[in-house]
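Structure first, commentary second.
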Protein chains: 2
Amino acid sequence: MGSATLDRLTPRAREIVRTAAELLEGEGPEALSMRRLGAALGIRASSLYEHVRDKQALEAALISVGFEEQAEVLAAAADGAAEPIAALFAAYRDFARRRPNLYRLMTERPLPREQLAPGVEAAAAVPLVRATAGDQERARAIWSFAHGMVILELNGRFPPGADLDATWRKGLAAFTA
Amino acid sequence: MGSATLDRLTPRAREIVRTAAELLEGEGPEALSMRRLGAALGIRASSLYEHVRDKQALEAALISVGFEEQAEVLAAAADGAAEPIAALFAAYRDFARRRPNLYRLMTERPLPREQLAPGVEAAAAVPLVRATAGDQERARAIWSFAHGMVILELNGRFPPGADLDATWRKGLAAFTA
DNA sequence: GTCTATACCCGGATAGAC
DNA sequence: GTCTATCCGGGTATAGAC
């Protein structure tokens, strides 16, 4: 539950990032504006700049925290699982459904890698790379399938009646054959 | 090359949609505003509303045309191919790279299905469903992999040195085993 | 069919007072 | 640390004149 990213911030900045995360998830991406974030905290947007460099830095913090949480849930899922890939799929999907807007923020633009907390991106990838015994190509192919499933689901792109559990099983079978 | 969607529009509306497509692809999604579209056509934004209901309708037209083009290139690729799935992968990736911003427009939000030209979404899916002999679960799993590969590439989410051709081959092997 | 003018909304960010 | 005031930018859309 602890976040190294949050821990390196001042208490007030921590509060801001936390509130931003709630705003993003609770009211959608358009709610993540400096004005609305200020309002949610009971201060003016201009006051935020005392604690946060700019909006980019705020988003980078959100993304870093997202990677930390993702790393945690994925590692926990794979740990000692009889079928690690299946367990990772379930945990990956679960994370994306619990934090759909954060998940989009983390995936739909180029990563601001220089602004992220060091190592968080790699840490989130570790469980899958482990599960493929270090085969990076296979790990990336599996990740692409999982991301495709997740993002198409979040974006409402599958036909209304689609049986996604069955589709996940198809993918699992393909990649573990 | 003919587009049923465009053919049903007045000449001026057709011109508008065409220009919008060029603007979107050439200058990015933020360029797709009524003001900038008007400017590209040499008229005021307000004049566009004589020809296009609103921005949603314009985007729906762009998406419909996108599906038509996609259906065409996918069908052509699969036609008589020795390895239809491999051919579809290549054509799918090629389409997304040629029209990255249109591809994003087509996939990153829920489809405005009521506003699309009838049948275009289904038509784009036909080649893949054929290639899986009607197995919809398999078709969806393959689509998810392809979409994941494509969108993660477009969004710059793979590590800088990643060998994506190799990753595509891994996915192909998994789904055609 | 296009114009001007306008209504409304939103955004990020800074200067300088307190 | 927060404020007000302000600067800049952007957007969709309508009314009414020509």
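By order in the structure tokens, chains are A, B, ...; within a chain, residues start at 1; ligands start at 1, following the order shown.
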Listing only residues of chain A within 9 Å of chain D, what is the closest atom pair and its distance in Å (to one decimal) for each, using only C-alpha atoms (C1' of nucleotides), sorted by chain and residue number ascending, as a Markdown table?
```
| residue | atom | partner | partner_atom | distance |
| --- | --- | --- | --- | --- |
| A:Ile43 | CA | D:DT2 | C1' | 7.4 |
| A:Arg44 | CA | D:DT2 | C1' | 7.7 |
| A:Ser46 | CA | D:DT2 | C1' | 8.5 |
| A:Ser47 | CA | D:DT2 | C1' | 5.9 |
| A:Glu50 | CA | D:DG1 | C1' | 7.5 |
```
Output of the above residues as a compact mmCIF listing (two decimals), in the first residue's frame, restricted to N, CA and C atoms:
```txt
# COMPACT_ATOMS: atom_id res chain seq x y z
N ILE A 43 -9.06 25.36 -2.50
CA ILE A 43 -8.15 26.47 -2.78
C ILE A 43 -8.24 26.86 -4.25
N ARG A 44 -7.54 27.94 -4.61
CA ARG A 44 -7.54 28.37 -6.00
C ARG A 44 -6.52 27.58 -6.80
N SER A 46 -4.32 28.65 -8.74
CA SER A 46 -2.99 29.27 -8.70
C SER A 46 -2.18 28.82 -7.49
N SER A 47 -2.87 28.48 -6.42
CA SER A 47 -2.17 28.05 -5.20
C SER A 47 -1.51 26.68 -5.38
N GLU A 50 2.33 26.28 -5.95
CA GLU A 50 3.27 26.34 -4.84
C GLU A 50 3.79 24.94 -4.50
```
Picked from range 38-169 of chain B by DSSP as alpha helix (DSSP H), as a ChimeraX atom specification: /B:38-41,45-48,55-78,84-98,100-107,120-131,136-154,164-169
Who sits within 12 Å of range 124-138 of chain A, only C-alpha atoms (C1' of nucleotides), same chain under 5 positions skipped, as a PyMOL selection string: (chain A and resi 63-89+91-92+106+118-119+143-146+174-176) or (chain B and resi 149+158-159+161-174)
What are the closest atom pairs, with distances in Å to one decimal, for all residues of chain C lying within 9 Å of chain A? Consider only C-alpha atoms (C1' of nucleotides), order rows by chain and residue number, and present the result as JSON lines.
```
{"residue": "C:DG11", "atom": "C1'", "partner": "A:Ser33", "partner_atom": "CA", "distance": 7.5}
{"residue": "C:DG12", "atom": "C1'", "partner": "A:Met34", "partner_atom": "CA", "distance": 7.7}
{"residue": "C:DA13", "atom": "C1'", "partner": "A:Ser46", "partner_atom": "CA", "distance": 7.8}
{"residue": "C:DT14", "atom": "C1'", "partner": "A:Ser46", "partner_atom": "CA", "distance": 8.6}
```
Go ahead and dump the residues you just picked, all heavy atoms, as a PDB file, in the first residue's frame.
```pdb
ATOM      1  P    DG C  11     -11.708  23.742 -16.740  1.00  0.00           P
ATOM      2  OP1  DG C  11     -11.641  22.478 -15.987  1.00  0.00           O
ATOM      3  OP2  DG C  11     -11.953  25.022 -16.052  1.00  0.00           O
ATOM      4  O5'  DG C  11     -10.384  23.938 -17.602  1.00  0.00           O
ATOM      5  C5'  DG C  11      -9.931  22.874 -18.424  1.00  0.00           C
ATOM      6  C4'  DG C  11      -8.747  23.354 -19.212  1.00  0.00           C
ATOM      7  O4'  DG C  11      -9.110  24.518 -19.972  1.00  0.00           O
ATOM      8  C3'  DG C  11      -7.587  23.813 -18.353  1.00  0.00           C
ATOM      9  O3'  DG C  11      -6.777  22.693 -18.046  1.00  0.00           O
ATOM     10  C2'  DG C  11      -6.860  24.790 -19.267  1.00  0.00           C
ATOM     11  C1'  DG C  11      -7.995  25.379 -20.106  1.00  0.00           C
ATOM     12  N9   DG C  11      -8.413  26.724 -19.709  1.00  0.00           N
ATOM     13  C8   DG C  11      -9.539  27.094 -19.025  1.00  0.00           C
ATOM     14  N7   DG C  11      -9.653  28.383 -18.862  1.00  0.00           N
ATOM     15  C5   DG C  11      -8.528  28.906 -19.475  1.00  0.00           C
ATOM     16  C6   DG C  11      -8.096  30.255 -19.624  1.00  0.00           C
ATOM     17  O6   DG C  11      -8.660  31.275 -19.232  1.00  0.00           O
ATOM     18  N1   DG C  11      -6.896  30.320 -20.309  1.00  0.00           N
ATOM     19  C2   DG C  11      -6.183  29.245 -20.791  1.00  0.00           C
ATOM     20  N2   DG C  11      -5.032  29.515 -21.424  1.00  0.00           N
ATOM     21  N3   DG C  11      -6.579  27.988 -20.660  1.00  0.00           N
ATOM     22  C4   DG C  11      -7.752  27.894 -19.998  1.00  0.00           C
ATOM     23  P    DG C  12      -5.801  22.774 -16.828  1.00  0.00           P
ATOM     24  OP1  DG C  12      -5.252  21.419 -16.695  1.00  0.00           O
ATOM     25  OP2  DG C  12      -6.442  23.441 -15.680  1.00  0.00           O
ATOM     26  O5'  DG C  12      -4.682  23.761 -17.397  1.00  0.00           O
ATOM     27  C5'  DG C  12      -3.894  23.318 -18.476  1.00  0.00           C
ATOM     28  C4'  DG C  12      -2.738  24.257 -18.682  1.00  0.00           C
ATOM     29  O4'  DG C  12      -3.231  25.583 -18.942  1.00  0.00           O
ATOM     30  C3'  DG C  12      -1.809  24.378 -17.484  1.00  0.00           C
ATOM     31  O3'  DG C  12      -0.457  24.408 -17.938  1.00  0.00           O
ATOM     32  C2'  DG C  12      -2.210  25.699 -16.838  1.00  0.00           C
ATOM     33  C1'  DG C  12      -2.695  26.521 -18.020  1.00  0.00           C
ATOM     34  N9   DG C  12      -3.758  27.450 -17.658  1.00  0.00           N
ATOM     35  C8   DG C  12      -4.941  27.135 -17.059  1.00  0.00           C
ATOM     36  N7   DG C  12      -5.707  28.169 -16.844  1.00  0.00           N
ATOM     37  C5   DG C  12      -4.989  29.242 -17.336  1.00  0.00           C
ATOM     38  C6   DG C  12      -5.318  30.621 -17.375  1.00  0.00           C
ATOM     39  O6   DG C  12      -6.332  31.180 -16.965  1.00  0.00           O
ATOM     40  N1   DG C  12      -4.304  31.372 -17.951  1.00  0.00           N
ATOM     41  C2   DG C  12      -3.127  30.853 -18.440  1.00  0.00           C
ATOM     42  N2   DG C  12      -2.268  31.730 -18.963  1.00  0.00           N
ATOM     43  N3   DG C  12      -2.809  29.560 -18.411  1.00  0.00           N
ATOM     44  C4   DG C  12      -3.785  28.815 -17.847  1.00  0.00           C
ATOM     45  P    DA C  13       0.705  24.323 -16.844  1.00  0.00           P
ATOM     46  OP1  DA C  13       1.905  23.807 -17.537  1.00  0.00           O
ATOM     47  OP2  DA C  13       0.196  23.662 -15.630  1.00  0.00           O
ATOM     48  O5'  DA C  13       0.951  25.850 -16.499  1.00  0.00           O
ATOM     49  C5'  DA C  13       1.388  26.725 -17.543  1.00  0.00           C
ATOM     50  C4'  DA C  13       1.319  28.141 -17.049  1.00  0.00           C
ATOM     51  O4'  DA C  13      -0.049  28.494 -16.782  1.00  0.00           O
ATOM     52  C3'  DA C  13       2.050  28.400 -15.734  1.00  0.00           C
ATOM     53  O3'  DA C  13       3.302  29.004 -16.035  1.00  0.00           O
ATOM     54  C2'  DA C  13       1.125  29.351 -14.968  1.00  0.00           C
ATOM     55  C1'  DA C  13      -0.011  29.621 -15.947  1.00  0.00           C
ATOM     56  N9   DA C  13      -1.315  29.775 -15.313  1.00  0.00           N
ATOM     57  C8   DA C  13      -2.090  28.822 -14.706  1.00  0.00           C
ATOM     58  N7   DA C  13      -3.213  29.276 -14.223  1.00  0.00           N
ATOM     59  C5   DA C  13      -3.183  30.630 -14.515  1.00  0.00           C
ATOM     60  C6   DA C  13      -4.083  31.684 -14.263  1.00  0.00           C
ATOM     61  N6   DA C  13      -5.237  31.525 -13.618  1.00  0.00           N
ATOM     62  N1   DA C  13      -3.730  32.922 -14.691  1.00  0.00           N
ATOM     63  C2   DA C  13      -2.569  33.068 -15.332  1.00  0.00           C
ATOM     64  N3   DA C  13      -1.638  32.163 -15.626  1.00  0.00           N
ATOM     65  C4   DA C  13      -2.024  30.957 -15.194  1.00  0.00           C
ATOM     66  P    DT C  14       4.325  29.396 -14.873  1.00  0.00           P
ATOM     67  OP1  DT C  14       5.654  29.264 -15.475  1.00  0.00           O
ATOM     68  OP2  DT C  14       3.958  28.678 -13.645  1.00  0.00           O
ATOM     69  O5'  DT C  14       4.038  30.942 -14.626  1.00  0.00           O
ATOM     70  C5'  DT C  14       4.007  31.820 -15.758  1.00  0.00           C
ATOM     71  C4'  DT C  14       3.700  33.228 -15.286  1.00  0.00           C
ATOM     72  O4'  DT C  14       2.301  33.317 -14.920  1.00  0.00           O
ATOM     73  C3'  DT C  14       4.491  33.679 -14.059  1.00  0.00           C
ATOM     74  O3'  DT C  14       5.030  34.963 -14.340  1.00  0.00           O
ATOM     75  C2'  DT C  14       3.457  33.718 -12.934  1.00  0.00           C
ATOM     76  C1'  DT C  14       2.181  34.025 -13.708  1.00  0.00           C
ATOM     77  N1   DT C  14       0.925  33.558 -13.055  1.00  0.00           N
ATOM     78  C2   DT C  14      -0.112  34.437 -12.872  1.00  0.00           C
ATOM     79  O2   DT C  14      -0.054  35.599 -13.207  1.00  0.00           O
ATOM     80  N3   DT C  14      -1.212  33.894 -12.270  1.00  0.00           N
ATOM     81  C4   DT C  14      -1.380  32.586 -11.843  1.00  0.00           C
ATOM     82  O4   DT C  14      -2.421  32.208 -11.317  1.00  0.00           O
ATOM     83  C5   DT C  14      -0.261  31.724 -12.068  1.00  0.00           C
ATOM     84  C7   DT C  14      -0.316  30.287 -11.651  1.00  0.00           C
ATOM     85  C6   DT C  14       0.830  32.232 -12.656  1.00  0.00           C
TER      86       DT C  14
END
```
Separation of CA of Ala20 in chain B from CA of Glu114 in chain B, in Å and rounded to one decimal: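 Separation of CA of Ala20 in chain B and CA of Glu114 in chain B: 20.7 Å.
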Atomic distance CA of Arg104 in chain B - CA of Arg109 in chain A, expressed in Å with one decimal: 11.1 Å
Nearest residue to DT2 in chain C from the set B:His51, B:Thr107, B:Arg99, B:Thr19 (distances using only C-alpha atoms (C1' of nucleotides)): B:His51
Separation of CA of Ala90 in chain B from CA of Val150 in chain B in Å: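 These two atoms are separated by 10.5 Å.
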Residue with smallest distance to DC10 in chain C - pool A:Leu23, A:Gly38, A:Ala31, A:Gln56, counting only C-alpha atoms (C1' of nucleotides): A:Ala31
Selected residue, from A:Ala122, A:Leu111, A:Leu6, A:Leu116, that lies nearest to chain B when counting only C-alpha atoms: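 Checking each of A:Ala122, A:Leu111, A:Leu6, A:Leu116 against chain B, counting only C-alpha atoms, the winner is A:Leu111.
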Selection: 7 Å around Glu25 in chain A, only C-alpha atoms (C1' of nucleotides), excl. self and same-chain fewer than 2 positions, as a list in words: Ala21, Glu22, Leu23, Glu27, Gly28, Arg99, Asn101 and Leu102 of chain A
Dump C-alpha atoms for the selected residues as a PDB file, in the first residue's frame?
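For reference, part.pdb as written:
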```pdb
ATOM      1  CA  ALA A  21      -6.353  10.596  -8.338  1.00  0.00           C
ATOM      2  CA  GLU A  22      -9.795  10.587  -6.775  1.00  0.00           C
ATOM      3  CA  LEU A  23     -10.982  13.321  -9.086  1.00  0.00           C
ATOM      4  CA  GLU A  27     -15.326  12.317 -12.357  1.00  0.00           C
ATOM      5  CA  GLY A  28     -13.370  11.460 -15.445  1.00  0.00           C
ATOM      6  CA  ARG A  99      -8.876   2.425 -12.199  1.00  0.00           C
ATOM      7  CA  ASN A 101      -9.114   6.511 -16.086  1.00  0.00           C
ATOM      8  CA  LEU A 102      -5.748   6.052 -14.479  1.00  0.00           C
TER       9      LEU A 102
END
```
